[in-house]
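Q: Below: one structure in C-alpha cells.
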Protein chains: 2
Amino acid sequence: MEMTEKRNRATLQDIADRVGMTKMTVSRYMRNPESVAPGTRDKIAAVIEQLGYIQNRVPAMLSKASSKAIGIVLPSLSNQVFAHLVQGIERVTQAHGYDILITHAGYSEQAEEEKIASLLSYQVDGLILTETNHTPRTLQMLKTAAIPVVETMELPDTPIDMAVGLDHEQAAYDAVQAMINKGKTQIVYLAARLDTRTQLRRKGYERAMKEAGLTPRCVATEQHSSFSLGETLLNQTLARYPNCDGLFCTNDDLAVGALLACKEQGIGVPEALGIVGYNALDIGTVVSPRLTSVATPRELIGERSATLLIQALSGETITEKVHAVAHTITDGTSL
Amino acid sequence: MEMTEKRNRATLQDIADRVGMTKMTVSRYMRNPESVAPGTRDKIAAVIEQLGYIQNRVPAMLSKASSKAIGIVLPSLSNQVFAHLVQGIERVTQAHGYDILITHAGYSEQAEEEKIASLLSYQVDGLILTETNHTPRTLQMLKTAAIPVVETMELPDTPIDMAVGLDHEQAAYDAVQAMINKGKTQIVYLAARLDTRTQLRRKGYERAMKEAGLTPRCVATEQHSSFSLGETLLNQTLARYPNCDGLFCTNDDLAVGALLACKEQGIGVPEALGIVGYNALDIGTVVSPRLTSVATPRELIGERSATLLIQALSGETITEKVHAVAHTITDGTSL
DNA sequence: TTGTAAGCGTTATCAA
DNA sequence: TTGATAACGCTTACAA
C-alpha cells in the first residue's frame, strides 16, 4: 500500500488508503460503480464524498493523448453571432460527453496561431475555428496535430479539413439585388473592421452593383463595429455621397446605428434611404422601421460543425467535408 | 537512445533522436535556448521547425499540478458586459504568461458546478467566477482544490476567497433616487432572468422607493433579456400601471427596447416616462434621447480580479481580499 | 472481485 | 554542456 499524503488535492490513492484497497479498485468504481463489490462501493462513495475528490483528467490526457475536449477559437466574445454559434456547438458536444474550451483571437491570424497552439498543448481532441485565413505555422501545427478541424462561418476555398458555413459573397449579392429591385441606385456599402467576411460581402455587393450598371461605393474603417460607429459612418457617407439612397451594412450594429441616426436627422427610411443589415440580430426587430437584414443560421452552423467533428472523432469517414448553409433576407421595413 | 516513432505527434524524444541528443537537452532548449551549446541550439531549432513540434503541457500539469491557466466561468457569452470583463482579465494574465480557459454556465448554479469541475480537472491554477451563489458541492470542490478564487461583479456576503465587484444594491438605489429627484413618483422596475444581480438591484430600487414614501412595483419575467423583451415589458407595464412615469430597467437591453417602443407609441421620454438602464453599453449612446444608465467598470473589475489572482498565485499574502469598485450614472437624456 | 506493473511526455534533481 | 533517473496520477493489460 503506497502512501501519498503530502499534497492537498485528493488522489485515487488517498481514497484507496482510507478504504483499505488499491487505487485500481477506486479507479474502477469511478468509471463504473457496478464493477466493485457492493460493500466496497459504499465505502468508496463515502470517502469520495468526505474528501471532495475531483477527477483529474490529466493522466488520461497523457496516456491516451485525448482530453475529451473540443477547442473553439472565436474572433470576439462580445458578438452575439458567436454566442449563438457556441450554443449550437454545445448542444451537440454536451450530448456526446465532450467539453468545450473557448478562446478568442480578436480577428488576428497571429493571435489565432497562439490560441491554437495553446489549445493543442491542452490536447484538445478537435478544433472549431471561425476564420479561414491562417498563418503558415498554424497550418503546419494543425497538420502535425492531425486532429479533426472544422472551419465555420465561411466556405473556405481550400479547407484545412472540414467546413460549415455560408456563402457571404452570394448573400451580400442577394441583399444588394433586393435593394436594386426596390429602385435604389446609389447604394453605399458600410464596412468596419475589414475582416475576411467583410471583404466577401463587399465582393458580393460590387458584383450586384456592376451587373446592374451601378457604381459601387464603400465607406469603410478599420475600427471595431459598434452602434455609434454606424452613426459616424452614416454621416461620412452623407458628406461624401449626398445622393446616396441606400446603405448595405456589413452588420446589424452599423445598420442600427445608421438607422437610428437617420431618424434623428429626419431622413426617411426607407423612402429616402433604404437600409439593409447583416445577421438579423434581435435589436433589428425593435427599431422602427424594423431592420431588413440577412439572416444567418449561426446555431445551425454550430450544430453541424460539432456533429461533423464528433463523427470524425468517432472514426466515421466523412464524405461531405464542406457544408453550405442557406441564408435568407428578413422582411423588415427598412428597405 | 530510446526510440519513439509510432505516434504522429512529435515528442521531445523524436526531436532528440534526430539531433542525436537526449530529450533532456531538447527540454532545456525549449525553456531557454541559451542553456544549450550554440551548435546544438541550431540543430534542435531546425528539427523543431521541420517536425512542427507543438509543446505538450500535459506532463507538466501532471507533475507540477499546475497548468499556467486560469479558468473563467461566465454566465453568458452573448452579453457584452462579460466580454469587457474578459478583456480586463486577459490584459493582466497575458502579461504574466497565464492562459485563460473560458466556459459559460448560463446563470445556473448546477451548470456552474459542472463547469468548475471540468476546469479543475484540467488543473487550472486559479478561477474567476461571475456568480456568488454556489452549490454545496461547488464550495466543497473549491475548498479541496485549494486554489485562489476570485468572485467578480458582485460583493458576496461570505466570499469563498477573494472578490472584486460593485454594490449593485447601492447602485440601483442611487439610480432610483436620481429618478425621484427628477420628480418621478410612479417608477416601475423592469426585471428579467431574475438572477442574483437582478434581485440586488430590486432591493436597492425598493429601498429608494420606500424611503421616499413611494410604492415599489416590479414587472418581471424569467426570460432572458433582449431588446424585444424590453418592448414587451413596457407594454405589460403600461397595461398594469397606466400612471407609470418612470422605468428603472435591470439592464440596457430592456431599457433600449422600452425606449424605442416608447418613441414608436408616441410616449415622450423623459417627460412622460423617464427611463434608466444599467451597464451603460454603447447602444445607449445612439438612441434618442440618449439612455441614462448606471456605468459599471467591467474592465477594471477584470483587471483587478486577475491582478489579485496572480498575486495569490505568486505566493503574496493578500490583505485586502474584497475590493469594491465605484459606479456612476451616465448623463443621458432619457431621465 | 481485486491487485500488479508498465507507460503516457515532461521536468527537477543530481551526476558526469 | 549534457545525461540518467524518478516522479506526477491515472488506465490498460494481465494476473491472482
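Ordered as shown in the C-alpha cells, chains take letters A, B, and onward, while each chain numbers its residues from 1 and ligands are numbered from 1 in the order shown.
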Residues of chain C no more than 12 Å from chain B, counting only C-alpha atoms (C1' of nucleotides): send them over as an MDAnalysis selection string.

A: chainID C and resid 8:12

Q: With N, CA and C atoms (P, O5', C5', C4', C3', O3' and C1' of nucleotides) retained, export the selected residues as an mmCIF file, in the first residue's frame.

A:
```cif
data_model
loop_
_atom_site.group_PDB
_atom_site.id
_atom_site.type_symbol
_atom_site.label_atom_id
_atom_site.label_comp_id
_atom_site.auth_asym_id
_atom_site.auth_seq_id
_atom_site.Cartn_x
_atom_site.Cartn_y
_atom_site.Cartn_z
ATOM 1 P P DC C 8 5.293 5.013 -23.339
ATOM 2 O "O5'" DC C 8 4.353 6.266 -23.577
ATOM 3 C "C5'" DC C 8 2.965 6.134 -23.906
ATOM 4 C "C4'" DC C 8 2.226 7.321 -23.325
ATOM 5 C "C3'" DC C 8 3.061 8.603 -23.314
ATOM 6 O "O3'" DC C 8 2.796 9.340 -24.508
ATOM 7 C "C1'" DC C 8 1.870 8.262 -21.226
ATOM 8 P P DG C 9 4.044 9.836 -25.397
ATOM 9 O "O5'" DG C 9 4.501 11.150 -24.614
ATOM 10 C "C5'" DG C 9 3.659 12.289 -24.640
ATOM 11 C "C4'" DG C 9 4.283 13.394 -23.817
ATOM 12 C "C3'" DG C 9 5.678 13.817 -24.291
ATOM 13 O "O3'" DG C 9 5.723 15.227 -24.213
ATOM 14 C "C1'" DG C 9 5.771 13.154 -22.029
ATOM 15 P P DT C 10 6.978 16.041 -24.732
ATOM 16 O "O5'" DT C 10 7.494 16.666 -23.365
ATOM 17 C "C5'" DT C 10 6.667 17.599 -22.683
ATOM 18 C "C4'" DT C 10 6.959 17.599 -21.203
ATOM 19 C "C3'" DT C 10 8.276 18.264 -20.798
ATOM 20 O "O3'" DT C 10 7.974 19.600 -20.388
ATOM 21 C "C1'" DT C 10 7.750 16.303 -19.492
ATOM 22 P P DT C 11 9.192 20.528 -20.051
ATOM 23 O "O5'" DT C 11 9.529 20.113 -18.550
ATOM 24 C "C5'" DT C 11 8.645 20.497 -17.500
ATOM 25 C "C4'" DT C 11 9.229 20.056 -16.172
ATOM 26 C "C3'" DT C 11 10.556 20.731 -15.813
ATOM 27 O "O3'" DT C 11 10.517 20.955 -14.404
ATOM 28 C "C1'" DT C 11 10.837 18.415 -15.797
ATOM 29 P P DA C 12 11.430 22.100 -13.799
ATOM 30 O "O5'" DA C 12 11.710 21.576 -12.322
ATOM 31 C "C5'" DA C 12 10.897 20.553 -11.743
ATOM 32 C "C4'" DA C 12 11.645 19.850 -10.625
ATOM 33 C "C3'" DA C 12 12.869 20.569 -10.050
ATOM 34 O "O3'" DA C 12 12.977 20.223 -8.667
ATOM 35 C "C1'" DA C 12 13.558 18.580 -11.151
#
```

Q: Pull the closest atom pair for each residue of chain B that gets at most 6 Å from chain A, along with the distance in Å to one decimal, counting only C-alpha atoms, ordering rows by chain and then ascending residue number, as CSV.

A:
```
residue,atom,partner,partner_atom,distance
B:Arg9,CA,A:Ala145,CA,5.8
B:Gly52,CA,A:Met141,CA,5.8
B:Gln55,CA,A:Ser121,CA,5.6
B:Asn56,CA,A:Ser121,CA,4.6
B:Arg57,CA,A:Ser121,CA,5.3
B:Leu77,CA,A:Ala83,CA,5.3
B:Ser78,CA,A:Gln80,CA,4.7
B:Gln80,CA,A:Ser78,CA,4.7
B:Ala83,CA,A:Ser78,CA,5.1
B:Ile102,CA,A:Ile102,CA,5.2
B:Ser121,CA,A:Asn56,CA,4.6
B:Met141,CA,A:Gly52,CA,5.7
B:Thr144,CA,A:Arg9,CA,5.9
B:Ala145,CA,A:Arg9,CA,5.7
B:Phe227,CA,A:Ile283,CA,5.6
B:Ser228,CA,A:Val286,CA,5.7
B:Ile283,CA,A:Phe227,CA,5.7
B:Val286,CA,A:Ser228,CA,5.7
```

Q: Convert the current residue selection to file output with C-alpha atoms, as a short mmCIF file (atom, residue, chain, number, x, y, z; two decimals), in the first residue's frame.

A:
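And here is the file that came out, result29.cif:
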```
data_model
loop_
_atom_site.label_atom_id
_atom_site.label_comp_id
_atom_site.auth_asym_id
_atom_site.auth_seq_id
_atom_site.Cartn_x
_atom_site.Cartn_y
_atom_site.Cartn_z
CA ARG B 9 2.52 13.99 -32.83
CA GLY B 52 6.24 21.18 -36.46
CA GLN B 55 4.54 21.87 -26.85
CA ASN B 56 2.68 19.43 -24.68
CA ARG B 57 1.75 20.90 -21.35
CA LEU B 77 -21.26 34.70 -23.94
CA SER B 78 -23.73 36.98 -25.64
CA GLN B 80 -21.07 42.44 -23.79
CA ALA B 83 -16.68 40.37 -22.89
CA ILE B 102 -13.41 30.33 -20.75
CA SER B 121 -9.99 18.56 -13.89
CA MET B 141 -14.68 21.27 -4.58
CA THR B 144 -10.37 20.81 -1.69
CA ALA B 145 -8.87 22.26 -4.83
CA PHE B 227 -34.24 44.32 -26.80
CA SER B 228 -37.58 42.93 -27.88
CA ILE B 283 -26.24 51.17 -27.83
CA VAL B 286 -27.09 56.16 -30.26
#
```

Q: If the cut-off is 8 Å, can you tell me the residues of chain D near chain B, counting only C-alpha atoms (C1' of nucleotides)? I'd like them as a list of chain:residue names.

A: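 Those within range of chain B come out as D:DT1, D:DT2, D:DG3, D:DA7, D:DC8, D:DG9.
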
Q: Using N, CA and C atoms (P, O5', C5', C4', C3', O3' and C1' of nucleotides), can you export the residues from the last selection as a PDB file, in the first residue's frame?

A:
```
ATOM      1  P    DT D   1      27.453  26.207 -21.522  1.00  0.00           P
ATOM      2  O5'  DT D   1      26.983  24.953 -22.347  1.00  0.00           O
ATOM      3  C5'  DT D   1      27.793  24.479 -23.383  1.00  0.00           C
ATOM      4  C4'  DT D   1      27.667  23.001 -23.292  1.00  0.00           C
ATOM      5  C3'  DT D   1      26.241  22.486 -23.571  1.00  0.00           C
ATOM      6  O3'  DT D   1      26.308  21.652 -24.704  1.00  0.00           O
ATOM      7  C1'  DT D   1      27.152  21.491 -21.600  1.00  0.00           C
ATOM      8  P    DT D   2      25.137  20.850 -25.313  1.00  0.00           P
ATOM      9  O5'  DT D   2      24.987  19.602 -24.343  1.00  0.00           O
ATOM     10  C5'  DT D   2      25.790  18.458 -24.560  1.00  0.00           C
ATOM     11  C4'  DT D   2      25.492  17.439 -23.506  1.00  0.00           C
ATOM     12  C3'  DT D   2      24.121  16.773 -23.626  1.00  0.00           C
ATOM     13  O3'  DT D   2      24.332  15.466 -24.123  1.00  0.00           O
ATOM     14  C1'  DT D   2      24.751  17.208 -21.359  1.00  0.00           C
ATOM     15  P    DG D   3      23.088  14.491 -24.309  1.00  0.00           P
ATOM     16  O5'  DG D   3      23.129  13.713 -22.922  1.00  0.00           O
ATOM     17  C5'  DG D   3      24.326  13.068 -22.536  1.00  0.00           C
ATOM     18  C4'  DG D   3      24.100  12.279 -21.267  1.00  0.00           C
ATOM     19  C3'  DG D   3      22.861  11.401 -21.289  1.00  0.00           C
ATOM     20  O3'  DG D   3      23.206  10.129 -20.754  1.00  0.00           O
ATOM     21  C1'  DG D   3      22.787  12.853 -19.413  1.00  0.00           C
ATOM     22  P    DA D   7      10.681   8.093  -7.178  1.00  0.00           P
ATOM     23  O5'  DA D   7       9.533   9.173  -7.447  1.00  0.00           O
ATOM     24  C5'  DA D   7       9.821  10.569  -7.321  1.00  0.00           C
ATOM     25  C4'  DA D   7       8.863  11.351  -8.178  1.00  0.00           C
ATOM     26  C3'  DA D   7       7.423  10.789  -8.167  1.00  0.00           C
ATOM     27  O3'  DA D   7       6.567  11.738  -7.562  1.00  0.00           O
ATOM     28  C1'  DA D   7       8.147  11.342 -10.361  1.00  0.00           C
ATOM     29  P    DC D   8       5.190  11.226  -6.977  1.00  0.00           P
ATOM     30  O5'  DC D   8       4.113  12.179  -7.667  1.00  0.00           O
ATOM     31  C5'  DC D   8       4.359  13.542  -8.007  1.00  0.00           C
ATOM     32  C4'  DC D   8       3.550  13.895  -9.233  1.00  0.00           C
ATOM     33  C3'  DC D   8       2.247  13.093  -9.351  1.00  0.00           C
ATOM     34  O3'  DC D   8       1.182  13.849  -8.770  1.00  0.00           O
ATOM     35  C1'  DC D   8       3.412  13.277 -11.459  1.00  0.00           C
ATOM     36  P    DG D   9       0.162  13.128  -7.758  1.00  0.00           P
ATOM     37  O5'  DG D   9      -0.856  12.407  -8.742  1.00  0.00           O
ATOM     38  C5'  DG D   9      -1.722  13.196  -9.541  1.00  0.00           C
ATOM     39  C4'  DG D   9      -2.545  12.281 -10.413  1.00  0.00           C
ATOM     40  C3'  DG D   9      -3.331  11.209  -9.668  1.00  0.00           C
ATOM     41  O3'  DG D   9      -4.625  11.191 -10.240  1.00  0.00           O
ATOM     42  C1'  DG D   9      -1.989  10.208 -11.318  1.00  0.00           C
TER      43       DG D   9
END
```

Q: Considering only helix (DSSP H, G or I) as DSSP defines it on the backbone, what residues of stretch 42-253 of chain B qualify? List them as a count of residues only.

A: 102

Q: When you look at D:DA15 with a cut-off of 12 Å (counting only C-alpha atoms (C1' of nucleotides)), what residues show up, excluding the ones that are within fewer than 3 positions of it in the same chain? I need them as a list in words.

A: DT2, DG3, DT4 and DA5 of chain C

Q: Counting only C-alpha atoms, which of B:Ala105, B:Met179, B:Ala95, B:Val73 gets nearest to B:Glu303?

A: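 With only C-alpha atoms as the atom set, the closest residue is B:Ala95.
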
Q: Could you give me the residues within stretch 76-168 of chain A that DSSP places in strand (DSSP E), as a PyMOL selection string?

A: chain A and resi 99-104+126-129+149-153+162-165

Q: Could you pull the residues within 12 Å of A:Gln186, counting only C-alpha atoms (C1' of nucleotides), minus those fewer than 5 positions along the same chain, as a ChimeraX atom specification?

A: /A:176,179-180,209-210,212-218,237-238,240-248,272-275

Q: Next, write the just-selected residues to a file, as a PDB file, in the first residue's frame, keeping C-alpha atoms as the atom set.

A:
```
ATOM      1  CA  VAL A 176     -27.975  44.228 -52.745  1.00  0.00           C
ATOM      2  CA  MET A 179     -32.179  46.788 -52.809  1.00  0.00           C
ATOM      3  CA  ILE A 180     -31.785  47.407 -56.513  1.00  0.00           C
ATOM      4  CA  MET A 209     -23.856  46.794 -58.432  1.00  0.00           C
ATOM      5  CA  LYS A 210     -21.749  46.245 -61.512  1.00  0.00           C
ATOM      6  CA  ALA A 212     -26.851  46.392 -62.683  1.00  0.00           C
ATOM      7  CA  GLY A 213     -24.617  49.002 -64.267  1.00  0.00           C
ATOM      8  CA  LEU A 214     -24.279  50.897 -60.995  1.00  0.00           C
ATOM      9  CA  THR A 215     -21.198  52.313 -59.320  1.00  0.00           C
ATOM     10  CA  PRO A 216     -20.078  50.593 -56.110  1.00  0.00           C
ATOM     11  CA  ARG A 217     -19.031  52.923 -53.324  1.00  0.00           C
ATOM     12  CA  CYS A 218     -17.678  51.890 -49.948  1.00  0.00           C
ATOM     13  CA  THR A 237     -21.484  58.743 -46.293  1.00  0.00           C
ATOM     14  CA  LEU A 238     -23.895  61.662 -46.486  1.00  0.00           C
ATOM     15  CA  ARG A 240     -19.257  62.142 -49.498  1.00  0.00           C
ATOM     16  CA  TYR A 241     -22.266  60.857 -51.404  1.00  0.00           C
ATOM     17  CA  PRO A 242     -25.177  63.260 -50.864  1.00  0.00           C
ATOM     18  CA  ASN A 243     -27.263  61.397 -53.448  1.00  0.00           C
ATOM     19  CA  CYS A 244     -26.986  58.112 -51.617  1.00  0.00           C
ATOM     20  CA  ASP A 245     -30.338  56.334 -51.423  1.00  0.00           C
ATOM     21  CA  GLY A 246     -29.342  53.012 -49.912  1.00  0.00           C
ATOM     22  CA  LEU A 247     -26.983  51.572 -47.330  1.00  0.00           C
ATOM     23  CA  PHE A 248     -25.848  47.975 -47.313  1.00  0.00           C
ATOM     24  CA  ALA A 272     -35.037  58.464 -48.790  1.00  0.00           C
ATOM     25  CA  LEU A 273     -32.541  55.865 -47.644  1.00  0.00           C
ATOM     26  CA  GLY A 274     -33.046  52.120 -47.703  1.00  0.00           C
ATOM     27  CA  ILE A 275     -31.017  50.239 -45.110  1.00  0.00           C
TER      28      ILE A 275
END
```
